[in-house]
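Participant: Okay, handing you the structure first.
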Amino acid sequence: MRFSDGITVTVCPGRNRDGRPENFEPIDIAPGDTLSIVGPTGSGKTAFINDIEVFAQGDTVTGRRVLVNGEAPPDEFVRNPARKPVAMITQNTKCLMDLTVTEFLSMHVSTRENLLDNAVGEAIDLANHFTGEGIDADARVSSLSGGQTRSLMIADAVVISDTPILLLDEIENAGIFKEEVVARLKRRRKAVIFVTHDPYVSLLSDRRIVMRGGEVRSVLRPGGSESEALERVRQIDCKMAEIRERIRMGEIIGGVPL
Ligand SMILES: Nc1ncnc2c1ncn2[C@@H]1O[C@H](COP(=O)(O)OP(=O)(O)O)[C@@H](O)[C@H]1O
Ligand SMILES: [Mg+2]
């Protein structure tokens with residue numbers, strides 16, 4: 001199975017925190033899908049994406065099962081990191097090595113087959129579409145900001161690992177352009193799942209999985225019904241980013257900026 005052919009992952013119901021069966025139709029995640037997972041802290045959002053990351057087979061706290069193209073996943077997906085079709089990126093994802101951006105990506109490229117010669121350049125270019133703070137090819141990865149690091153990790157997963165599914169756990173206000181991430185991953189036929197409290201990311205997603213008490217309470221498909229809200233929230237988000245940046249640069253914010 002080659003990743004570029006795309007895979008569909010299906011999450012099947014398990015049990016909630018009280019041990020009662022969950023009540024939802026199996027959730028298919030196909031190439032190009034964008035989902036967000038919402039719900040209060042402690043409601044089971046991280047547990048849900050963990051199930052996908054480890055290809056749960058009834059062996060996690062939730063008892064869920066995760067299928068690949070309708071069947072139990074091949075062993076290599078679980079055991080071989082180079083064949084693992086999911087990448088999880090969290091607030092805490094950091095590059096610990098003392099390498100430059102180019103060295104870091106080149107090292108990763110050297111462990112992969114069938115990559116184009118310019119994969120390193122392509123990954124940096126993609127990362128720079130996700131962040132406004134330009135990433136220099138010769139910068140040390142350990143010196144990158146949170147937003148730069150997350151952008152680079154997403155681009156690395158997309159371009160070099162060619163991972164079909166990205167799991168992003170609460171990378172809120174990380175200084176990344178969320179709309180760019182959603183649009184470019186969709187165009188590259190990657191599936192992306194955001195665990196998020198961010199209204200803009202939630203509205204950008206095709207589906208919202210609502211969690212409560214360790215279970216999937218509902219799966220919303222708002223379709224076009226939220227398009228006006230999306231446009232308004234986009235404007236507010238843009239304004240918020242601008243104000244955040246001005247405060248960061250030491251300005252006093254006079255008047256009523258919104
Ligand atoms: N279905 C479940 N059954 C049992 N424990 C669960 C279930 N879902 C989540 N948990 C546990 O509840 C705690 C909170 O879940 P977590 O996924 O971290 O919540 P969130 O990410 O929404 O804050 C964790 O210890 C997790 O292992
Ligand atoms: Mg969590």
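Starting from 1 in every chain, residues are counted up; chains themselves are A, B, ... following the order of the structure tokens, and ligands are numbered from 1 as listed.
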Select from chain A every residue with an atom at most 9 Å from any atom of ligand 2, then for each give the shortest pair of atoms and their distance in Å to one decimal, using only C-alpha atoms and all ligand atoms, rows by chain and rising number, as CSV.
Facilitator:
residue,atom,partner,partner_atom_place_in_ligand_line,distance
A:Thr41,CA,ligand 2,1 (Mg),6.7
A:Gly42,CA,ligand 2,1 (Mg),6.8
A:Ser43,CA,ligand 2,1 (Mg),8.2
A:Gly44,CA,ligand 2,1 (Mg),7.0
A:Lys45,CA,ligand 2,1 (Mg),5.5
A:Thr46,CA,ligand 2,1 (Mg),4.1
A:Ala47,CA,ligand 2,1 (Mg),7.3
A:Asp169,CA,ligand 2,1 (Mg),6.8
A:Glu170,CA,ligand 2,1 (Mg),7.2
A:Val195,CA,ligand 2,1 (Mg),7.5
A:Thr196,CA,ligand 2,1 (Mg),8.9
Participant: Taking the backbone alone, and naming residues the way the document does, which bits of segment 42-103 of chain A are strand (DSSP E or B) by DSSP, as a list in words?
Facilitator: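 Strand (DSSP E or B) assignments inside segment 42-103 of chain A correspond to Gln57, Arg65, Val66, Leu67, Val68, Glu71, Val86, Ala87, Met88, Ile89, Thr90 and Thr100 of chain A.
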Participant: Any chance you can output those residues with N, CA and C atoms as a PDB file, in the first residue's frame?
Facilitator:
ATOM      1  N   GLN A  57      -7.240  -1.195  18.610  1.00  0.00           N
ATOM      2  CA  GLN A  57      -7.997  -2.410  18.261  1.00  0.00           C
ATOM      3  C   GLN A  57      -8.702  -2.908  19.513  1.00  0.00           C
ATOM      4  N   ARG A  65     -12.177   0.826  17.942  1.00  0.00           N
ATOM      5  CA  ARG A  65     -11.378   0.157  16.914  1.00  0.00           C
ATOM      6  C   ARG A  65     -11.206   1.099  15.731  1.00  0.00           C
ATOM      7  N   VAL A  66     -10.014   1.072  15.145  1.00  0.00           N
ATOM      8  CA  VAL A  66      -9.721   1.929  14.001  1.00  0.00           C
ATOM      9  C   VAL A  66      -9.364   1.040  12.816  1.00  0.00           C
ATOM     10  N   LEU A  67     -10.078   1.223  11.708  1.00  0.00           N
ATOM     11  CA  LEU A  67      -9.865   0.402  10.518  1.00  0.00           C
ATOM     12  C   LEU A  67      -9.149   1.213   9.444  1.00  0.00           C
ATOM     13  N   VAL A  68      -8.446   0.513   8.562  1.00  0.00           N
ATOM     14  CA  VAL A  68      -7.807   1.146   7.421  1.00  0.00           C
ATOM     15  C   VAL A  68      -8.402   0.514   6.165  1.00  0.00           C
ATOM     16  N   GLU A  71     -10.581  -2.455   6.912  1.00  0.00           N
ATOM     17  CA  GLU A  71     -10.065  -3.666   7.552  1.00  0.00           C
ATOM     18  C   GLU A  71      -9.119  -3.327   8.699  1.00  0.00           C
ATOM     19  N   VAL A  86       0.210   8.259  10.122  1.00  0.00           N
ATOM     20  CA  VAL A  86      -0.285   9.426  10.857  1.00  0.00           C
ATOM     21  C   VAL A  86       0.857  10.169  11.522  1.00  0.00           C
ATOM     22  N   ALA A  87       0.728  11.489  11.563  1.00  0.00           N
ATOM     23  CA  ALA A  87       1.689  12.318  12.291  1.00  0.00           C
ATOM     24  C   ALA A  87       0.925  13.137  13.299  1.00  0.00           C
ATOM     25  N   MET A  88       1.361  13.119  14.547  1.00  0.00           N
ATOM     26  CA  MET A  88       0.706  13.898  15.600  1.00  0.00           C
ATOM     27  C   MET A  88       1.605  15.072  15.962  1.00  0.00           C
ATOM     28  N   ILE A  89       1.034  16.266  15.953  1.00  0.00           N
ATOM     29  CA  ILE A  89       1.800  17.465  16.301  1.00  0.00           C
ATOM     30  C   ILE A  89       1.053  18.181  17.433  1.00  0.00           C
ATOM     31  N   THR A  90       1.760  18.454  18.531  1.00  0.00           N
ATOM     32  CA  THR A  90       1.130  19.080  19.698  1.00  0.00           C
ATOM     33  C   THR A  90       1.861  20.378  20.044  1.00  0.00           C
ATOM     34  N   THR A 100      20.731  22.598  11.668  1.00  0.00           N
ATOM     35  CA  THR A 100      20.034  23.652  10.938  1.00  0.00           C
ATOM     36  C   THR A 100      18.779  23.046  10.315  1.00  0.00           C
TER      37      THR A 100
END
Participant: For Val38 of chain A, please output as number ranges by chain all residues within 12 Å (counting only C-alpha atoms; exclusion window: fewer than 3 positions along the same chain).
Facilitator: A: 35, 41-46, 48-49, 169-170, 193-199, 201-203, 205, 207-212, 214-220
Participant: Which residues in segment 142-193 of chain A does DSSP call helix (DSSP H, G or I)? List them as a list in words.
Facilitator: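 Filtering segment 142-193 of chain A down to helix (DSSP H, G or I) leaves Ser142, Ser143, Gly146, Gly147, Gln148, Thr149, Arg150, Ser151, Leu152, Met153, Ile154, Ala155, Asp156, Ala157, Val158, Val159, Ile160, Lys178, Glu179, Glu180, Val181, Val182, Ala183, Arg184, Leu185, Lys186 and Arg187 of chain A.
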Participant: Output C-alpha atoms for every residue in the selection just made, as an mmCIF file, in the first residue's frame.
Facilitator:
data_model
loop_
_atom_site.group_PDB
_atom_site.id
_atom_site.type_symbol
_atom_site.label_atom_id
_atom_site.label_comp_id
_atom_site.auth_asym_id
_atom_site.auth_seq_id
_atom_site.Cartn_x
_atom_site.Cartn_y
_atom_site.Cartn_z
ATOM 1 C CA SER A 142 16.289 24.700 18.268
ATOM 2 C CA SER A 143 16.031 28.472 17.810
ATOM 3 C CA GLY A 146 6.587 27.909 18.356
ATOM 4 C CA GLY A 147 4.798 28.907 15.154
ATOM 5 C CA GLN A 148 7.865 28.244 12.997
ATOM 6 C CA THR A 149 8.435 24.852 14.635
ATOM 7 C CA ARG A 150 4.813 23.754 14.157
ATOM 8 C CA SER A 151 4.818 24.985 10.551
ATOM 9 C CA LEU A 152 8.016 23.087 9.835
ATOM 10 C CA MET A 153 6.702 19.910 11.478
ATOM 11 C CA ILE A 154 3.501 20.032 9.434
ATOM 12 C CA ALA A 155 5.446 20.652 6.206
ATOM 13 C CA ASP A 156 7.903 17.869 7.094
ATOM 14 C CA ALA A 157 5.029 15.415 7.631
ATOM 15 C CA VAL A 158 3.356 16.452 4.377
ATOM 16 C CA VAL A 159 6.333 16.688 2.021
ATOM 17 C CA ILE A 160 8.902 14.264 3.416
ATOM 18 C CA LYS A 178 -4.945 28.182 9.810
ATOM 19 C CA GLU A 179 -6.743 28.837 6.551
ATOM 20 C CA GLU A 180 -3.526 28.173 4.603
ATOM 21 C CA VAL A 181 -2.961 24.913 6.465
ATOM 22 C CA VAL A 182 -6.519 23.732 5.766
ATOM 23 C CA ALA A 183 -6.468 24.784 2.088
ATOM 24 C CA ARG A 184 -3.016 23.415 1.253
ATOM 25 C CA LEU A 185 -3.528 20.090 3.022
ATOM 26 C CA LYS A 186 -6.855 19.673 1.250
ATOM 27 C CA ARG A 187 -5.216 20.399 -2.095
#
Participant: From the list A:Gly63, A:Gly254, A:Pro85, A:Gly121, which residue is nearest Asp51 of chain A when using only C-alpha atoms?
Facilitator: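 Distance minimum relative to Asp51 of chain A lands on A:Gly63.
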Participant: Neighbouring residues of segment 239-244 of chain A were defined as those with any atom within 9 Å, considering only C-alpha atoms; residues of the same chain fewer than 6 positions away were excluded. Please report them as a list in words.
Facilitator: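 In the requested format, the answer is Asn173, Gly175, Ile253, Pro257 and Leu258 of chain A.
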Participant: State, in Å with one decimal place, the distance from atom CA of Leu99 of chain A to atom CA of Val192 of chain A.
Facilitator: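 These two atoms are separated by 27.9 Å.
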Participant: Would you pick out the contacts of Ala119 of chain A at 12 Å or less, using only C-alpha atoms, so that residues sharing its chain but fewer than 5 positions from it are not included, and give the list as an NGL selection string?
Facilitator: :A and (102 or 105-110 or 112-114 or 124-126 or 155-162)
Participant: Using C-alpha atoms, can you export the residues from the last selection as a short mmCIF file (atom, residue, chain, number, x, y, z; two decimals), in the first residue's frame?
Facilitator:
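Once written, out_31.cif looks like this:
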data_model
loop_
_atom_site.label_atom_id
_atom_site.label_comp_id
_atom_site.auth_asym_id
_atom_site.auth_seq_id
_atom_site.Cartn_x
_atom_site.Cartn_y
_atom_site.Cartn_z
CA THR A 102 18.32 22.10 6.08
CA LEU A 105 15.15 17.95 6.81
CA SER A 106 18.02 16.36 4.84
CA MET A 107 18.53 13.80 7.56
CA HIS A 108 14.86 12.92 7.35
CA VAL A 109 14.99 12.77 3.53
CA SER A 110 17.93 10.34 3.72
CA ARG A 112 13.07 7.93 2.79
CA GLU A 113 12.93 6.52 -0.70
CA ASN A 114 11.45 7.97 -3.87
CA ILE A 124 10.74 24.93 3.76
CA ASP A 125 8.68 26.68 1.11
CA LEU A 126 5.47 25.03 2.34
CA ALA A 155 5.45 20.65 6.21
CA ASP A 156 7.90 17.87 7.09
CA ALA A 157 5.03 15.41 7.63
CA VAL A 158 3.36 16.45 4.38
CA VAL A 159 6.33 16.69 2.02
CA ILE A 160 8.90 14.26 3.42
CA SER A 161 6.93 11.63 5.34
CA ASP A 162 4.06 12.01 2.84
#
Participant: Find the distance between atom CA of Val54 of chain A and atom CA of Thr34 of chain A and write it in Å to one decimal.
Facilitator: 19.7 Å
Participant: Have a look at A:Thr10, A:Ser227, A:Asn50, A:Ser145 and name the one nearest to ligand 1; count only C-alpha atoms and all ligand atoms.
Facilitator: A:Asn50
Participant: What separation in Å, quoted to one decimal, exists between atom 19 (O, counted along the ligand's line) of ligand 1 and atom CA of Pro40 of chain A?
Facilitator: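 So the answer is 7.8 Å.
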Participant: Using only C-alpha atoms, which residue out of A:Pro222, A:Pro74, A:Gly213, A:Gly32 lies closest to Asp18 of chain A?
Facilitator: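 Of A:Pro222, A:Pro74, A:Gly213, A:Gly32, the one nearest Asp18 of chain A, counting only C-alpha atoms, is A:Gly213.
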